[in-house]
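I have placed the structure first, in the form of C-alpha cells, so that the comments after it can refer back to it.
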Amino acid sequence: LGLADRTAERIRGLYGERPWGLIQVDLRLADGSTLRWATGPGWRASDAGPWRLADQFEGCLWDGSRDDAEAWLLPGFDDTPWQTACCTPPWQDLEEPASGLVRAHPPLPAQRIDPRPDGRMIIDFGQNLGGWCRLRIRGRAGQEVRLRHAEILDEQGDLNRDNLRMQLHPGAPQEDRWLLGEDREKDLEPVFTRHGFRYAEVAGLEPDQILSVE
C-alpha cells in the first residue's frame with residue numbers, strides 16, 4: 001500500500017499533517033471461505049520507498065536507485081527496519097461515497113511517435129484525454145526518464161504548455177520522472193496522478209529502448 005500527500009508548489013500537509021489510510025479487503029477463496037485483510041496494530045510503515053513525489057498536478061518521481069525500491073512488493077520481504085504504523089481509535093460515522101466507481105478505460109495506443117533532433121520523442125495519442133501514459137521499456141541503470149504532457153503542439157512541433165499555469169501556479173508541470181536502478185525491462189506508469197493531454201514528450205531514452213506506449 002502506498003499513501004501520498006499533495007506536494008504541488010512544494011506545499012505539504014494540505015490534507016493534514018500526515019496521510020492516513022483505513023482499509024478492509026474481503027477475499028472470497030476458491031473453497032468458498034472468506035479471508036479478511038485490514039489495517040490494524042500489526043501494520044508497519046516506512047517513508048523510504050521509491051515514490052518520492054506523487055501529485056495530481058505536479059506529476060510523480062520514482063527513484064529506483066533507492067534500497068528495496070521494489071523488494072517490499074515481494075513475499076518474504078524483511079520489514080524489520082520499518083517502524084510500527086500509528087493506529088488511532090476507529091473513525092466515527094463513516095459513509096460510503098455517493099459517487100460511482102472510478103474505472104480505467106481500455107488502453108489507447110499511441111497513434112504516432114515523432115523523433116526530435118535532440119533525442120526527445122513526441123507521442124501523439126490522436127485525441128485529448130484524461131489519464132496517464134504507460135511505457136514498456138528496456139532500461140539501463142542510471143537513466144532518468146522524463147515524460148511531459150500537453151494538449152497542443154507549437155509551430156515547431158514541440159509541446160505547447162502555455163496553458164499549464166506555470167507562470168502563476170508553478171506546481172502544475174504535468175511531468176513524470178523515473179530514475180532507473182537496474183538493467184532490465186520495466187513498465188513505467190505513474191500512481192496517484194493523472195493528466196489532461198493529447199501529446200506526451202519522452203526524454204532520456206533511445207528509440208529502440210521503447211517497447212510499447214499506451
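Residue numbers start at 1 in each chain; chains themselves are named A, B, ... in the order of the C-alpha cells; ligands are numbered from 1 in the order shown.
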
Report task. Write out as a VMD selection string which residues come within 7 Å of segment 123-127 of chain A when counting only C-alpha atoms, dropping same-chain ones fewer than 6 positions away. Result -> chain A and resid 109 to 114 198 to 201

Which residues are close to segment 139-149 of chain A, i.e. within 8 Å by only C-alpha atoms, leaving aside same-chain residues fewer than 6 positions away? Reply as a CSV table (one decimal) with all heavy atoms, in the first residue's frame.
chain,number,residue,atom,x,y,z
A,65,SER,N,16.8,3.8,-7.6
A,65,SER,CA,18.2,3.6,-7.1
A,65,SER,C,18.1,3.5,-5.6
A,65,SER,O,19.2,3.1,-5.0
A,65,SER,CB,19.0,4.8,-7.5
A,65,SER,OG,18.6,6.0,-6.8
A,159,LEU,N,5.9,20.5,-27.6
A,159,LEU,CA,4.8,20.7,-26.7
A,159,LEU,C,4.6,22.1,-26.4
A,159,LEU,O,5.5,22.9,-26.2
A,159,LEU,CB,5.1,20.0,-25.3
A,159,LEU,CG,5.3,18.5,-25.3
A,159,LEU,CD1,5.4,18.0,-23.9
A,159,LEU,CD2,4.2,17.7,-26.1
A,161,ARG,N,3.0,24.3,-23.7
A,161,ARG,CA,2.5,24.1,-22.3
A,161,ARG,C,2.1,25.4,-21.7
A,161,ARG,O,2.1,25.6,-20.5
A,161,ARG,CB,3.6,23.4,-21.5
A,161,ARG,CG,3.8,22.0,-21.9
A,161,ARG,CD,5.2,21.4,-21.7
A,161,ARG,NE,5.7,21.7,-20.3
A,161,ARG,CZ,5.4,20.9,-19.3
A,161,ARG,NH1,4.6,19.8,-19.5
A,161,ARG,NH2,5.9,21.1,-18.1
A,173,PRO,N,3.3,21.3,-13.7
A,173,PRO,CA,4.0,21.0,-14.9
A,173,PRO,C,3.6,19.7,-15.6
A,173,PRO,O,4.1,19.5,-16.7
A,173,PRO,CB,5.5,20.9,-14.4
A,173,PRO,CG,5.3,20.4,-13.0
A,173,PRO,CD,4.1,21.0,-12.4
A,174,GLN,N,2.8,18.8,-15.0
A,174,GLN,CA,2.4,17.6,-15.6
A,174,GLN,C,3.6,16.8,-16.1
A,174,GLN,O,3.7,16.4,-17.2
A,174,GLN,CB,1.4,17.8,-16.7
A,174,GLN,CG,0.0,18.4,-16.3
A,174,GLN,CD,-1.0,18.1,-17.3
A,174,GLN,OE1,-1.9,17.3,-17.1
A,174,GLN,NE2,-1.0,18.7,-18.5
A,175,GLU,N,4.5,16.5,-15.2
A,175,GLU,CA,5.7,15.8,-15.5
A,175,GLU,C,6.0,14.6,-14.6
A,175,GLU,O,5.9,14.7,-13.4
A,175,GLU,CB,6.9,16.8,-15.4
A,175,GLU,CG,8.3,16.2,-15.8
A,175,GLU,CD,9.4,17.3,-15.8
A,175,GLU,OE1,9.2,18.3,-16.5
A,175,GLU,OE2,10.4,17.1,-15.1
A,176,ASP,N,6.2,13.5,-15.3
A,176,ASP,CA,6.5,12.2,-14.5
A,176,ASP,C,8.0,11.9,-14.8
A,176,ASP,O,8.4,11.9,-15.9
A,176,ASP,CB,5.6,11.1,-15.0
A,176,ASP,CG,4.1,11.4,-14.8
A,176,ASP,OD1,3.8,12.1,-13.8
A,176,ASP,OD2,3.3,11.0,-15.6
A,177,ARG,N,8.7,11.4,-13.7
A,177,ARG,CA,10.1,11.1,-13.9
A,177,ARG,C,10.4,9.8,-13.2
A,177,ARG,O,9.8,9.5,-12.1
A,177,ARG,CB,11.0,12.2,-13.3
A,177,ARG,CG,11.0,13.5,-14.1
A,177,ARG,CD,12.0,14.4,-13.5
A,177,ARG,NE,11.6,14.8,-12.1
A,177,ARG,CZ,12.5,15.2,-11.2
A,177,ARG,NH1,13.8,15.1,-11.5
A,177,ARG,NH2,12.1,15.6,-10.0
A,178,TRP,N,11.3,9.0,-13.8
A,178,TRP,CA,11.7,7.7,-13.2
A,178,TRP,C,13.3,7.7,-13.3
A,178,TRP,O,13.9,7.9,-14.3
A,178,TRP,CB,11.2,6.5,-14.0
A,178,TRP,CG,9.7,6.3,-13.9
A,178,TRP,CD1,9.0,5.6,-13.0
A,178,TRP,CD2,8.7,6.9,-14.7
A,178,TRP,NE1,7.7,5.6,-13.3
A,178,TRP,CE2,7.4,6.5,-14.3
A,178,TRP,CE3,8.8,7.8,-15.8
A,178,TRP,CZ2,6.3,6.9,-14.9
A,178,TRP,CZ3,7.6,8.2,-16.4
A,178,TRP,CH2,6.3,7.8,-15.9
A,179,LEU,N,13.9,7.3,-12.1
A,179,LEU,CA,15.3,7.1,-12.0
A,179,LEU,C,15.5,5.6,-12.0
A,179,LEU,O,15.2,5.0,-11.0
A,179,LEU,CB,15.9,7.8,-10.8
A,179,LEU,CG,15.5,9.3,-10.6
A,179,LEU,CD1,16.1,9.8,-9.3
A,179,LEU,CD2,16.0,10.1,-11.8
A,180,LEU,N,16.1,5.0,-13.0
A,180,LEU,CA,16.2,3.6,-13.1
A,180,LEU,C,17.4,3.0,-12.4
A,180,LEU,O,18.5,3.6,-12.4
A,180,LEU,CB,16.3,3.2,-14.6
A,180,LEU,CG,15.2,3.7,-15.5
A,180,LEU,CD1,15.4,3.2,-17.0
A,180,LEU,CD2,13.8,3.4,-15.0
A,181,GLY,N,17.1,1.9,-11.6
A,181,GLY,CA,18.2,1.4,-10.8
A,181,GLY,C,18.7,0.1,-11.3
A,181,GLY,O,19.7,-0.5,-10.7
A,182,GLU,N,18.1,-0.5,-12.4
A,182,GLU,CA,18.6,-1.8,-12.9
A,182,GLU,C,18.6,-1.8,-14.4
A,182,GLU,O,17.8,-1.0,-15.1
A,182,GLU,CB,17.7,-2.9,-12.4
A,182,GLU,CG,17.7,-3.1,-10.9
A,182,GLU,CD,16.7,-4.2,-10.5
A,182,GLU,OE1,15.5,-4.0,-10.5
A,182,GLU,OE2,17.3,-5.3,-10.2
A,183,ASP,N,19.3,-2.8,-15.0
A,183,ASP,CA,19.3,-3.0,-16.4
A,183,ASP,C,18.2,-4.1,-16.7
A,183,ASP,O,18.5,-5.3,-16.4
A,183,ASP,CB,20.6,-3.5,-17.0
A,183,ASP,CG,21.7,-2.5,-16.8
A,183,ASP,OD1,21.4,-1.3,-16.6
A,183,ASP,OD2,22.9,-2.8,-17.0
A,184,ARG,N,17.0,-3.7,-17.1
A,184,ARG,CA,16.0,-4.7,-17.3
A,184,ARG,C,14.8,-4.1,-18.0
A,184,ARG,O,14.7,-2.9,-18.0
A,184,ARG,CB,15.6,-5.4,-16.1
A,184,ARG,CG,14.8,-4.6,-15.0
A,184,ARG,CD,14.5,-5.4,-13.8
A,184,ARG,NE,13.8,-4.7,-12.8
A,184,ARG,CZ,12.4,-4.5,-12.8
A,184,ARG,NH1,11.7,-5.1,-13.7
A,184,ARG,NH2,11.8,-3.8,-11.8
A,185,GLU,N,13.9,-4.9,-18.5
A,185,GLU,CA,12.6,-4.4,-19.0
A,185,GLU,C,11.7,-4.0,-17.8
A,185,GLU,O,11.7,-4.7,-16.8
A,185,GLU,CB,11.9,-5.5,-19.8
A,185,GLU,CG,12.6,-5.8,-21.1
A,185,GLU,CD,11.8,-6.7,-22.0
A,185,GLU,OE1,10.7,-7.0,-21.7
A,185,GLU,OE2,12.4,-7.2,-23.1
A,186,LYS,N,11.0,-2.9,-18.0
A,186,LYS,CA,10.2,-2.4,-16.9
A,186,LYS,C,9.0,-1.6,-17.5
A,186,LYS,O,9.1,-1.0,-18.5
A,186,LYS,CB,11.0,-1.5,-16.0
A,186,LYS,CG,10.2,-1.0,-14.8
A,186,LYS,CD,11.1,-0.2,-13.9
A,186,LYS,CE,10.3,0.4,-12.8
A,186,LYS,NZ,9.5,-0.6,-12.0
A,195,HIS,N,-3.3,13.1,-15.9
A,195,HIS,CA,-3.0,14.3,-16.7
A,195,HIS,C,-4.1,14.5,-17.8
A,195,HIS,O,-4.7,13.6,-18.2
A,195,HIS,CB,-1.6,14.2,-17.3
A,195,HIS,CG,-0.5,13.9,-16.4
A,195,HIS,ND1,-0.2,14.7,-15.4
A,195,HIS,CD2,0.3,12.8,-16.3
A,195,HIS,CE1,0.8,14.2,-14.7
A,195,HIS,NE2,1.1,13.0,-15.2
A,196,GLY,N,-4.2,15.8,-18.2
A,196,GLY,CA,-5.0,16.1,-19.4
A,196,GLY,C,-4.1,16.4,-20.5
A,196,GLY,O,-3.3,17.3,-20.5
A,197,PHE,N,-4.2,15.6,-21.6
A,197,PHE,CA,-3.2,15.8,-22.7
A,197,PHE,C,-3.7,15.0,-24.0
A,197,PHE,O,-4.6,14.2,-23.9
A,197,PHE,CB,-1.9,15.2,-22.3
A,197,PHE,CG,-1.9,13.7,-22.0
A,197,PHE,CD1,-1.4,12.8,-23.0
A,197,PHE,CD2,-2.4,13.2,-20.8
A,197,PHE,CE1,-1.3,11.5,-22.7
A,197,PHE,CE2,-2.4,11.8,-20.6
A,197,PHE,CZ,-1.9,10.9,-21.6
A,198,ARG,N,-3.1,15.4,-25.1
A,198,ARG,CA,-3.1,14.6,-26.3
A,198,ARG,C,-1.7,14.1,-26.6
A,198,ARG,O,-1.5,13.0,-27.2
A,198,ARG,CB,-3.7,15.4,-27.4
A,198,ARG,CG,-3.5,14.7,-28.8
A,198,ARG,CD,-4.1,15.4,-30.0
A,198,ARG,NE,-3.8,14.8,-31.2
A,198,ARG,CZ,-4.3,15.2,-32.4
A,198,ARG,NH1,-5.2,16.1,-32.5
A,198,ARG,NH2,-3.9,14.6,-33.5
A,199,TYR,N,-0.7,15.0,-26.3
A,199,TYR,CA,0.7,14.7,-26.7
A,199,TYR,C,1.5,14.5,-25.4
A,199,TYR,O,1.3,15.0,-24.4
A,199,TYR,CB,1.3,15.9,-27.4
A,199,TYR,CG,0.5,16.2,-28.7
A,199,TYR,CD1,-0.5,17.2,-28.7
A,199,TYR,CD2,0.8,15.5,-29.9
A,199,TYR,CE1,-1.2,17.5,-29.8
A,199,TYR,CE2,0.1,15.9,-31.0
A,199,TYR,CZ,-0.9,16.8,-31.0
A,199,TYR,OH,-1.6,17.2,-32.1
A,200,ALA,N,2.5,13.6,-25.5
A,200,ALA,CA,3.5,13.3,-24.5
A,200,ALA,C,4.9,13.4,-25.1
A,200,ALA,O,5.1,12.9,-26.2
A,200,ALA,CB,3.2,12.0,-23.8
A,201,GLU,N,5.8,13.9,-24.3
A,201,GLU,CA,7.2,14.0,-24.7
A,201,GLU,C,8.0,13.1,-23.8
A,201,GLU,O,8.0,13.2,-22.6
A,201,GLU,CB,7.6,15.5,-24.6
A,201,GLU,CG,9.1,15.7,-24.9
A,201,GLU,CD,9.6,17.0,-24.4
A,201,GLU,OE1,9.5,18.0,-25.1
A,201,GLU,OE2,10.1,17.1,-23.2
A,202,VAL,N,8.8,12.2,-24.5
A,202,VAL,CA,9.6,11.3,-23.7
A,202,VAL,C,11.1,11.7,-23.9
A,202,VAL,O,11.5,12.0,-25.1
A,202,VAL,CB,9.5,9.8,-24.2
A,202,VAL,CG1,10.4,8.9,-23.5
A,202,VAL,CG2,8.0,9.4,-24.1
A,203,ALA,N,11.8,11.9,-22.8
A,203,ALA,CA,13.2,12.2,-22.9
A,203,ALA,C,14.0,11.2,-22.0
A,203,ALA,O,13.5,10.8,-21.0
A,203,ALA,CB,13.5,13.7,-22.4
A,204,GLY,N,15.2,11.0,-22.4
A,204,GLY,CA,16.1,10.1,-21.6
A,204,GLY,C,16.2,8.7,-22.1
A,204,GLY,O,16.9,7.9,-21.5
A,205,LEU,N,15.5,8.3,-23.2
A,205,LEU,CA,15.5,7.0,-23.8
A,205,LEU,C,15.9,7.1,-25.3
A,205,LEU,O,15.6,8.1,-25.9
A,205,LEU,CB,14.1,6.3,-23.7
A,205,LEU,CG,13.6,5.9,-22.3
A,205,LEU,CD1,12.2,5.5,-22.4
A,205,LEU,CD2,14.5,4.9,-21.6
A,209,GLN,N,14.8,1.5,-27.1
A,209,GLN,CA,14.5,1.1,-25.8
A,209,GLN,C,13.0,1.1,-25.4
A,209,GLN,O,12.6,0.5,-24.5
A,209,GLN,CB,15.2,2.0,-24.8
A,209,GLN,CG,16.7,1.9,-24.7
A,209,GLN,CD,17.3,2.8,-23.6
A,209,GLN,OE1,17.6,4.0,-23.9
A,209,GLN,NE2,17.5,2.2,-22.5

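Excluding segment 28-43 of chain A and any residue on its chain fewer than 5 positions from it, the residues at most 9 Å away by only C-alpha atoms are Gly21, Leu22, Ile23, Gln83, Thr84, Ala85, Cys86 and Cys87 of chain A.
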
Query raised in the report: So, counting only C-alpha atoms, which residue among A:Arg136, A:Asp208, A:Val25, A:Asp55 is closest to Leu188 of chain A?
Result: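 So, comparing all the options, the nearest one is A:Arg136.
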
Report task. Give the strand (DSSP E) residues of segment 5-203 of chain A, as assigned by DSSP on the backbone, as a ChimeraX atom specification. Result -> /A:24-28,34-38,44-45,51-55,59-63,83-84,112-115,121-131,135-139,144-150,152-153,159-160,175-179,184-188,195-203

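Here the residues within chain A that DSSP labels helix (DSSP H, G or I) on the basis of the backbone are Ala8, Glu9, Arg10, Ala71, Trp72, Leu73, Asp162, Asn163, Leu164, Pro207, Asp208 and Gln209 of chain A.
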
Write the residues of the selection above to a file with C-alpha atoms, as a PDB file, in the first residue's frame.
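Written output follows (out28.pdb):
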ATOM      1  CA  ALA A   8       2.273  20.825  -5.612  1.00  0.00           C
ATOM      2  CA  GLU A   9       4.039  24.147  -5.125  1.00  0.00           C
ATOM      3  CA  ARG A  10       6.196  22.295  -2.576  1.00  0.00           C
ATOM      4  CA  ALA A  71      11.702  -5.676  -2.960  1.00  0.00           C
ATOM      5  CA  TRP A  72       8.990  -4.654  -0.491  1.00  0.00           C
ATOM      6  CA  LEU A  73       6.374  -5.787  -3.011  1.00  0.00           C
ATOM      7  CA  ASP A 162       1.484  27.770 -22.005  1.00  0.00           C
ATOM      8  CA  ASN A 163      -1.918  26.792 -20.587  1.00  0.00           C
ATOM      9  CA  LEU A 164      -0.485  24.896 -17.612  1.00  0.00           C
ATOM     10  CA  PRO A 207      14.026   4.833 -29.660  1.00  0.00           C
ATOM     11  CA  ASP A 208      14.955   1.140 -29.553  1.00  0.00           C
ATOM     12  CA  GLN A 209      14.524   1.108 -25.770  1.00  0.00           C
TER      13      GLN A 209
END

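When only C-alpha atoms are used to measure the gap to Cys133 of chain A, the shortest distance among A:Ala54, A:Leu153, A:Val213, A:Ala48 belongs to A:Val213.
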
Query raised in the report: Quick one: of A:Asp187, A:Glu206, A:Glu155, A:Asp79, who's nearest to Gly119 of chain A, counting only C-alpha atoms?
Result: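 Of the candidates, the smallest distance to Gly119 of chain A is held by A:Glu206.
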